[in-house]
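First comes the structure, then the notes that go with it.
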Amino acid sequence: MEPSKPVKPIYLDNNATTRVADEVFEEIRPYFCELYGNPSSMHLFGGQVGAKVKQARERVAALLGCRPGEVIFTGCGTESDNTAIQGTLAAYPNRRKIITTRVEHPAVLAVCRELENRGYTVVELAVDREGQLDLAELDAELDEETALVTIMYANNETGVIFPIEEIARRVSERGSVFHTDAVQAVGKIPINLAESEIDLLSLSGHKLHAPKGVGVLYVRKGTRLTPFMLGGHQEHGRRAGTENVPGIIGLGKACDLAQAAFDVENKQVKALRDRLETNLMIHCQGAMLNGVKDKRLPNTTNISFEFVEGEAILLMLNQFGVCASSGSACTSGSLEPSHVLRAMGVPFTAAHGSIRFSLSRYTTQEEVDLVVEKLPAIINRLRVLSPFVPK
Ligand SMILES: *Cc1c(COP(=O)(O)O)cnc(C)c1O
């Protein structure tokens, strides 16, 4: 990217990663150079750190409505997803079937596809034009062969929320293990694992204002799971390796902040998201919303601008310091339209011009209004240049 004149970023790419909250940063600062002990050590110096890790575990558990002993700290959301899937299959060696969806994050989808290469039966449930599942299709696929059902709580590209509690009930009734990738949901919508049939749940620190490189796998008490990382006795032998102490403490603080401000913050974020979305839909030519309107994360909007290239839109937005995403960060770089939009049957000419804006508690109305002011003209310019616009 060209190093042009410095502009303050207008960061609307919070589903890719978030800034670390100031409160989180302050909380973890002492754990680098002063309180750097190993929580596994027997001496008091390490013990102080161990106590802080324990507090972090309690804070995560409080946000999720589970027991601290059900929280395993991992290295990232991807590791949590991999562990949930591989660890369940290893615990049920006689079951050879996995059910997932076509719109999962690559941290789930790539694992499932590799397992398919190794001889597992993998069923990828379809979604409709609005990105929603047909639960009858799930019911029809559940059988004694099914080791695991893994379905995301909310989609990272469109924000569409799946009816996870209902899905978990159905899976539990039929005797399979249920995992959900809740990386995008935690902190944005209420989750109460105490009243849930979810067996395994993944989350990631850097999607909720904690540092990168820390995640959680919730493992419901009594759930069979073969550990993925072997070595020391950390995490009660369920995930070996010296803990990412600052990351864990930061994640605990971030969960605390999310819980304290939950309603206010998400209402405010949703109001700004709606302001952005409504105005872009009105003022931009060829704009179409991707994903069902109501059952969506409060911070996400995914809009297609027909006949223009998403990458071109991003480059022009970049001149104003606006950071957004076309498709998902993981798939951009290739010219293939996003697998999520393709699964939804979004026409090729629209999928290519899709932009995801994802807001956070730090997003301001001025920032949203700047996008509303600039984007319609950008779309007009690009449509004039587009060979695809019907003349
Ligand atoms: C970001 C993300 C992940 C991966 O989490 P990392 O901590 O970056 O590995 C997994 N699933 C979803 C839905 C995500 O948005």
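Ordering of the structure tokens sets the chain letters (A, B, ...), residue numbers begin anew at 1 in every chain, and ligands are numbered from 1 in the order given.
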
Please extract the residues at most 9 Å from ligand 1, counting only C-alpha atoms and all ligand atoms, and provide them as a ChimeraX atom specification, using the chain letters and residue numbers of this document.
-> /A:15-17,75-81,104-108,152-157,181-185,202-207,212-215,328,330

Quick one: residues within 7 Å of Gly353 (chain A), only C-alpha atoms counted, chain neighbours fewer than 3 positions away excluded, as a VMD selection string?
-> chain A and resid 304 to 310 349 to 350

Within 9 Å of region 272-281 of chain A, counting only C-alpha atoms, which residues show up once you throw out same-chain ones fewer than 2 positions away? Write them as a PyMOL selection string, please.
-> chain A and resi 267-270+283-289+298-303+357-359+363-365+368-369+371-372+375-376

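Non-sequential neighbours of Val20 (chain A) (distance at most 7 Å, separation of 2 or more positions within a chain, only C-alpha atoms) are Thr18, Asp22, Val24, Phe25, His209, Ala210 and Pro211 of chain A.
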
Just to be explicit: take each residue in the selection above, keep N, CA and C atoms, and write the result as a PDB file, in the first residue's frame.
```
ATOM      1  N   THR A  18      -9.672  -6.212  16.641  1.00  0.00           N
ATOM      2  CA  THR A  18     -10.081  -5.000  17.360  1.00  0.00           C
ATOM      3  C   THR A  18      -8.869  -4.377  18.044  1.00  0.00           C
ATOM      4  N   ASP A  22      -7.953   0.348  26.369  1.00  0.00           N
ATOM      5  CA  ASP A  22      -6.976   0.966  27.282  1.00  0.00           C
ATOM      6  C   ASP A  22      -6.975   0.268  28.641  1.00  0.00           C
ATOM      7  N   VAL A  24      -7.693  -2.744  29.299  1.00  0.00           N
ATOM      8  CA  VAL A  24      -7.051  -4.056  29.159  1.00  0.00           C
ATOM      9  C   VAL A  24      -5.538  -3.891  29.169  1.00  0.00           C
ATOM     10  N   PHE A  25      -5.077  -2.910  28.405  1.00  0.00           N
ATOM     11  CA  PHE A  25      -3.635  -2.662  28.314  1.00  0.00           C
ATOM     12  C   PHE A  25      -3.053  -2.342  29.694  1.00  0.00           C
ATOM     13  N   HIS A 209     -11.357  -6.880  21.920  1.00  0.00           N
ATOM     14  CA  HIS A 209     -10.540  -5.843  22.562  1.00  0.00           C
ATOM     15  C   HIS A 209      -9.521  -6.381  23.564  1.00  0.00           C
ATOM     16  N   ALA A 210      -9.168  -7.651  23.450  1.00  0.00           N
ATOM     17  CA  ALA A 210      -8.030  -8.228  24.171  1.00  0.00           C
ATOM     18  C   ALA A 210      -6.906  -8.421  23.140  1.00  0.00           C
ATOM     19  N   PRO A 211      -5.708  -8.785  23.575  1.00  0.00           N
ATOM     20  CA  PRO A 211      -4.616  -8.934  22.601  1.00  0.00           C
ATOM     21  C   PRO A 211      -4.792 -10.138  21.673  1.00  0.00           C
TER      22      PRO A 211
END
```

Using only C-alpha atoms, pick whichever of A:Arg170, A:Lys221, A:Arg95, A:Arg129 has the shortest atom-to-atom distance to Gly291 (chain A).
-> A:Arg129

Looking only at alpha helix (DSSP H) from DSSP on the backbone, list the matching residues of region 90-279 of chain A as number ranges by chain.
-> A: 90-91, 106-117, 135-141, 164-173, 245-260, 262-279

Please produce a file of the residues just selected, as a compact mmCIF listing (two decimals), in the first residue's frame, where the atoms kept are C-alpha atoms.
```txt
# COMPACT_ATOMS: atom_id res chain seq x y z
CA ALA A 90 -10.18 -38.70 18.78
CA ALA A 91 -12.53 -39.26 21.73
CA PRO A 106 -11.70 -21.39 7.45
CA ALA A 107 -10.59 -22.39 10.98
CA VAL A 108 -13.43 -24.91 10.85
CA LEU A 109 -13.94 -25.47 7.15
CA ALA A 110 -10.31 -26.24 6.29
CA VAL A 111 -10.14 -28.77 9.14
CA CYS A 112 -13.33 -30.49 8.00
CA ARG A 113 -12.13 -30.65 4.42
CA GLU A 114 -8.81 -32.17 5.50
CA LEU A 115 -10.71 -34.75 7.53
CA GLU A 116 -12.78 -35.55 4.47
CA ASN A 117 -9.53 -36.26 2.61
CA LEU A 135 -32.90 -27.13 10.45
CA ALA A 136 -34.86 -29.94 8.78
CA GLU A 137 -31.72 -30.62 6.78
CA LEU A 138 -29.76 -30.94 10.02
CA ASP A 139 -32.36 -33.30 11.51
CA ALA A 140 -32.18 -35.49 8.41
CA GLU A 141 -28.40 -35.77 8.63
CA ILE A 164 -27.56 -22.06 18.08
CA GLU A 165 -29.51 -22.90 21.24
CA GLU A 166 -32.17 -24.71 19.19
CA ILE A 167 -29.50 -26.47 17.13
CA ALA A 168 -27.66 -27.55 20.30
CA ARG A 169 -30.89 -29.04 21.69
CA ARG A 170 -31.51 -31.05 18.56
CA VAL A 171 -27.94 -32.34 18.40
CA SER A 172 -27.96 -33.25 22.08
CA GLU A 173 -31.25 -35.16 21.72
CA VAL A 245 -0.20 -14.84 30.91
CA PRO A 246 -0.63 -11.25 29.65
CA GLY A 247 -3.03 -12.44 26.94
CA ILE A 248 -5.11 -14.40 29.41
CA ILE A 249 -5.27 -11.56 31.93
CA GLY A 250 -6.19 -9.19 29.13
CA LEU A 251 -8.94 -11.49 27.90
CA GLY A 252 -10.35 -11.72 31.41
CA LYS A 253 -10.44 -7.93 31.66
CA ALA A 254 -11.98 -7.64 28.19
CA CYS A 255 -14.76 -10.04 29.21
CA ASP A 256 -15.36 -7.97 32.32
CA LEU A 257 -15.64 -4.79 30.25
CA ALA A 258 -17.94 -6.46 27.72
CA GLN A 259 -20.22 -7.70 30.47
CA ALA A 260 -20.35 -4.37 32.33
CA PHE A 262 -23.18 -5.01 27.31
CA ASP A 263 -26.59 -3.43 26.71
CA VAL A 264 -25.56 0.21 26.39
CA GLU A 265 -22.66 -0.53 24.13
CA ASN A 266 -24.41 -2.87 21.76
CA LYS A 267 -27.39 -0.53 21.46
CA GLN A 268 -25.06 2.32 20.57
CA VAL A 269 -23.10 0.22 18.08
CA LYS A 270 -26.31 -1.04 16.48
CA ALA A 271 -27.66 2.50 16.10
CA LEU A 272 -24.49 3.55 14.26
CA ARG A 273 -24.51 0.39 12.15
CA ASP A 274 -28.12 1.05 11.17
CA ARG A 275 -27.34 4.67 10.36
CA LEU A 276 -24.49 3.58 8.09
CA GLU A 277 -26.44 0.80 6.44
CA THR A 278 -29.67 2.73 5.87
CA ASN A 279 -27.88 5.67 4.32
```

Close residues, Arg102 (chain A) itself excluded, 7 Å, only C-alpha atoms, min 3 positions apart in chain, as a list in words = Glu124, Leu125, Ala126 and Ala343 of chain A

I'd like the contact shell of Arg239 (chain A) - 9 Å cut-off, only C-alpha atoms, skipping same-chain residues fewer than 2 positions apart - returned as a short mmCIF file (atom, residue, chain, number, x, y, z; two decimals) with N, CA, C and O atoms, in the first residue's frame.
```cif
data_model
loop_
_atom_site.label_atom_id
_atom_site.label_comp_id
_atom_site.auth_asym_id
_atom_site.auth_seq_id
_atom_site.Cartn_x
_atom_site.Cartn_y
_atom_site.Cartn_z
N ILE A 72 -10.90 -23.44 29.04
CA ILE A 72 -9.51 -23.78 28.71
C ILE A 72 -8.93 -22.64 27.88
O ILE A 72 -9.51 -22.28 26.85
N PHE A 73 -7.82 -22.09 28.32
CA PHE A 73 -7.16 -21.05 27.52
C PHE A 73 -6.33 -21.70 26.42
O PHE A 73 -5.63 -22.68 26.65
N THR A 74 -6.42 -21.12 25.22
CA THR A 74 -5.68 -21.62 24.06
C THR A 74 -4.90 -20.47 23.44
O THR A 74 -4.89 -19.36 23.97
N PRO A 227 -6.98 -34.35 24.46
CA PRO A 227 -6.15 -33.14 24.29
C PRO A 227 -5.36 -33.17 22.98
O PRO A 227 -5.00 -34.23 22.47
N PHE A 228 -5.11 -31.98 22.48
CA PHE A 228 -4.44 -31.78 21.21
C PHE A 228 -2.96 -31.51 21.46
O PHE A 228 -2.07 -32.04 20.82
N MET A 229 -2.70 -30.65 22.45
CA MET A 229 -1.32 -30.29 22.82
C MET A 229 -0.92 -31.08 24.05
O MET A 229 -1.56 -30.96 25.10
N LEU A 230 0.13 -31.89 23.93
CA LEU A 230 0.61 -32.66 25.07
C LEU A 230 1.91 -32.07 25.57
O LEU A 230 2.67 -31.47 24.81
N GLY A 231 2.18 -32.24 26.86
CA GLY A 231 3.38 -31.68 27.46
C GLY A 231 3.16 -31.57 28.96
O GLY A 231 2.92 -32.57 29.62
N GLY A 232 3.19 -30.33 29.45
CA GLY A 232 3.04 -30.09 30.89
C GLY A 232 1.59 -30.24 31.36
O GLY A 232 0.70 -30.63 30.60
N HIS A 233 1.39 -29.89 32.63
CA HIS A 233 0.08 -30.11 33.24
C HIS A 233 -0.83 -28.88 33.19
O HIS A 233 -1.86 -28.85 33.85
N GLN A 234 -0.45 -27.88 32.40
CA GLN A 234 -1.24 -26.66 32.37
C GLN A 234 -2.68 -26.97 31.94
O GLN A 234 -2.94 -27.92 31.21
N GLU A 235 -3.61 -26.12 32.36
CA GLU A 235 -5.03 -26.29 32.01
C GLU A 235 -5.51 -27.70 32.35
O GLU A 235 -6.25 -28.32 31.61
N HIS A 236 -5.05 -28.21 33.50
CA HIS A 236 -5.41 -29.57 33.95
C HIS A 236 -5.11 -30.63 32.90
O HIS A 236 -5.88 -31.58 32.71
N GLY A 237 -4.01 -30.45 32.19
CA GLY A 237 -3.60 -31.44 31.21
C GLY A 237 -4.41 -31.40 29.92
O GLY A 237 -4.23 -32.24 29.04
N GLY A 241 1.54 -26.40 27.71
CA GLY A 241 2.27 -25.22 27.24
C GLY A 241 2.11 -24.10 28.24
O GLY A 241 1.00 -23.85 28.73
#
```

For each of A:Asn290, A:Ser360, A:Thr146, A:Ser196, take the minimum atom-to-atom distance to Val160 (chain A), counting only C-alpha atoms, then give the residue where this is smallest.
->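 The shortest atom-to-atom distance to Val160 (chain A) comes from A:Asn290.
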
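Distances here use only C-alpha atoms; by that measure, the residue among A:Tyr92, A:Glu336, A:Glu366, A:Ile313 closest to Asn380 (chain A) is A:Ile313.
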
Which of A:Val122, A:Ala51, A:Leu208, A:Ala61 sits closest to Gly187 (chain A) [using only C-alpha atoms] |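 Of the candidates, the smallest distance to Gly187 (chain A) is held by A:Leu208.
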
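Shortest separation to Gly345 (chain A) among A:Ala62, A:Val103, A:Val322, A:Ala147 occurs at residue A:Val103, atoms counted being only C-alpha atoms.
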
Please identify all polymer residues within 8 Å of Tyr36 (chain A), counting only C-alpha atoms, omitting same-chain residues fewer than 5 positions from it, and present them as a tab-separated table (two decimals) with N, CA and C atoms, in the first residue's frame.
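New file part-v3.tsv:
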```tsv
chain	number	residue	atom	x	y	z
A	31	TYR	N	2.55	-7.40	33.86
A	31	TYR	CA	2.86	-8.83	33.73
A	31	TYR	C	3.93	-9.14	32.69
A	46	GLY	N	5.63	-16.79	41.37
A	46	GLY	CA	4.78	-17.40	40.35
A	46	GLY	C	3.33	-17.49	40.82
A	49	VAL	N	1.02	-14.66	40.03
A	49	VAL	CA	0.57	-14.68	38.63
A	49	VAL	C	-0.54	-15.71	38.46
```

Have a look at A:Arg96, A:Asp134, A:Leu193, A:Arg238 and name the one nearest to Arg118 (chain A); count only C-alpha atoms.
->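 Of A:Arg96, A:Asp134, A:Leu193, A:Arg238, the one nearest Arg118 (chain A), counting only C-alpha atoms, is A:Arg96.
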
DSSP-assigned strand (DSSP E) among region 103-250 of chain A, expressed as a PyMOL selection string = chain A and resi 121-125+146-150+177-181+200-204+215-219
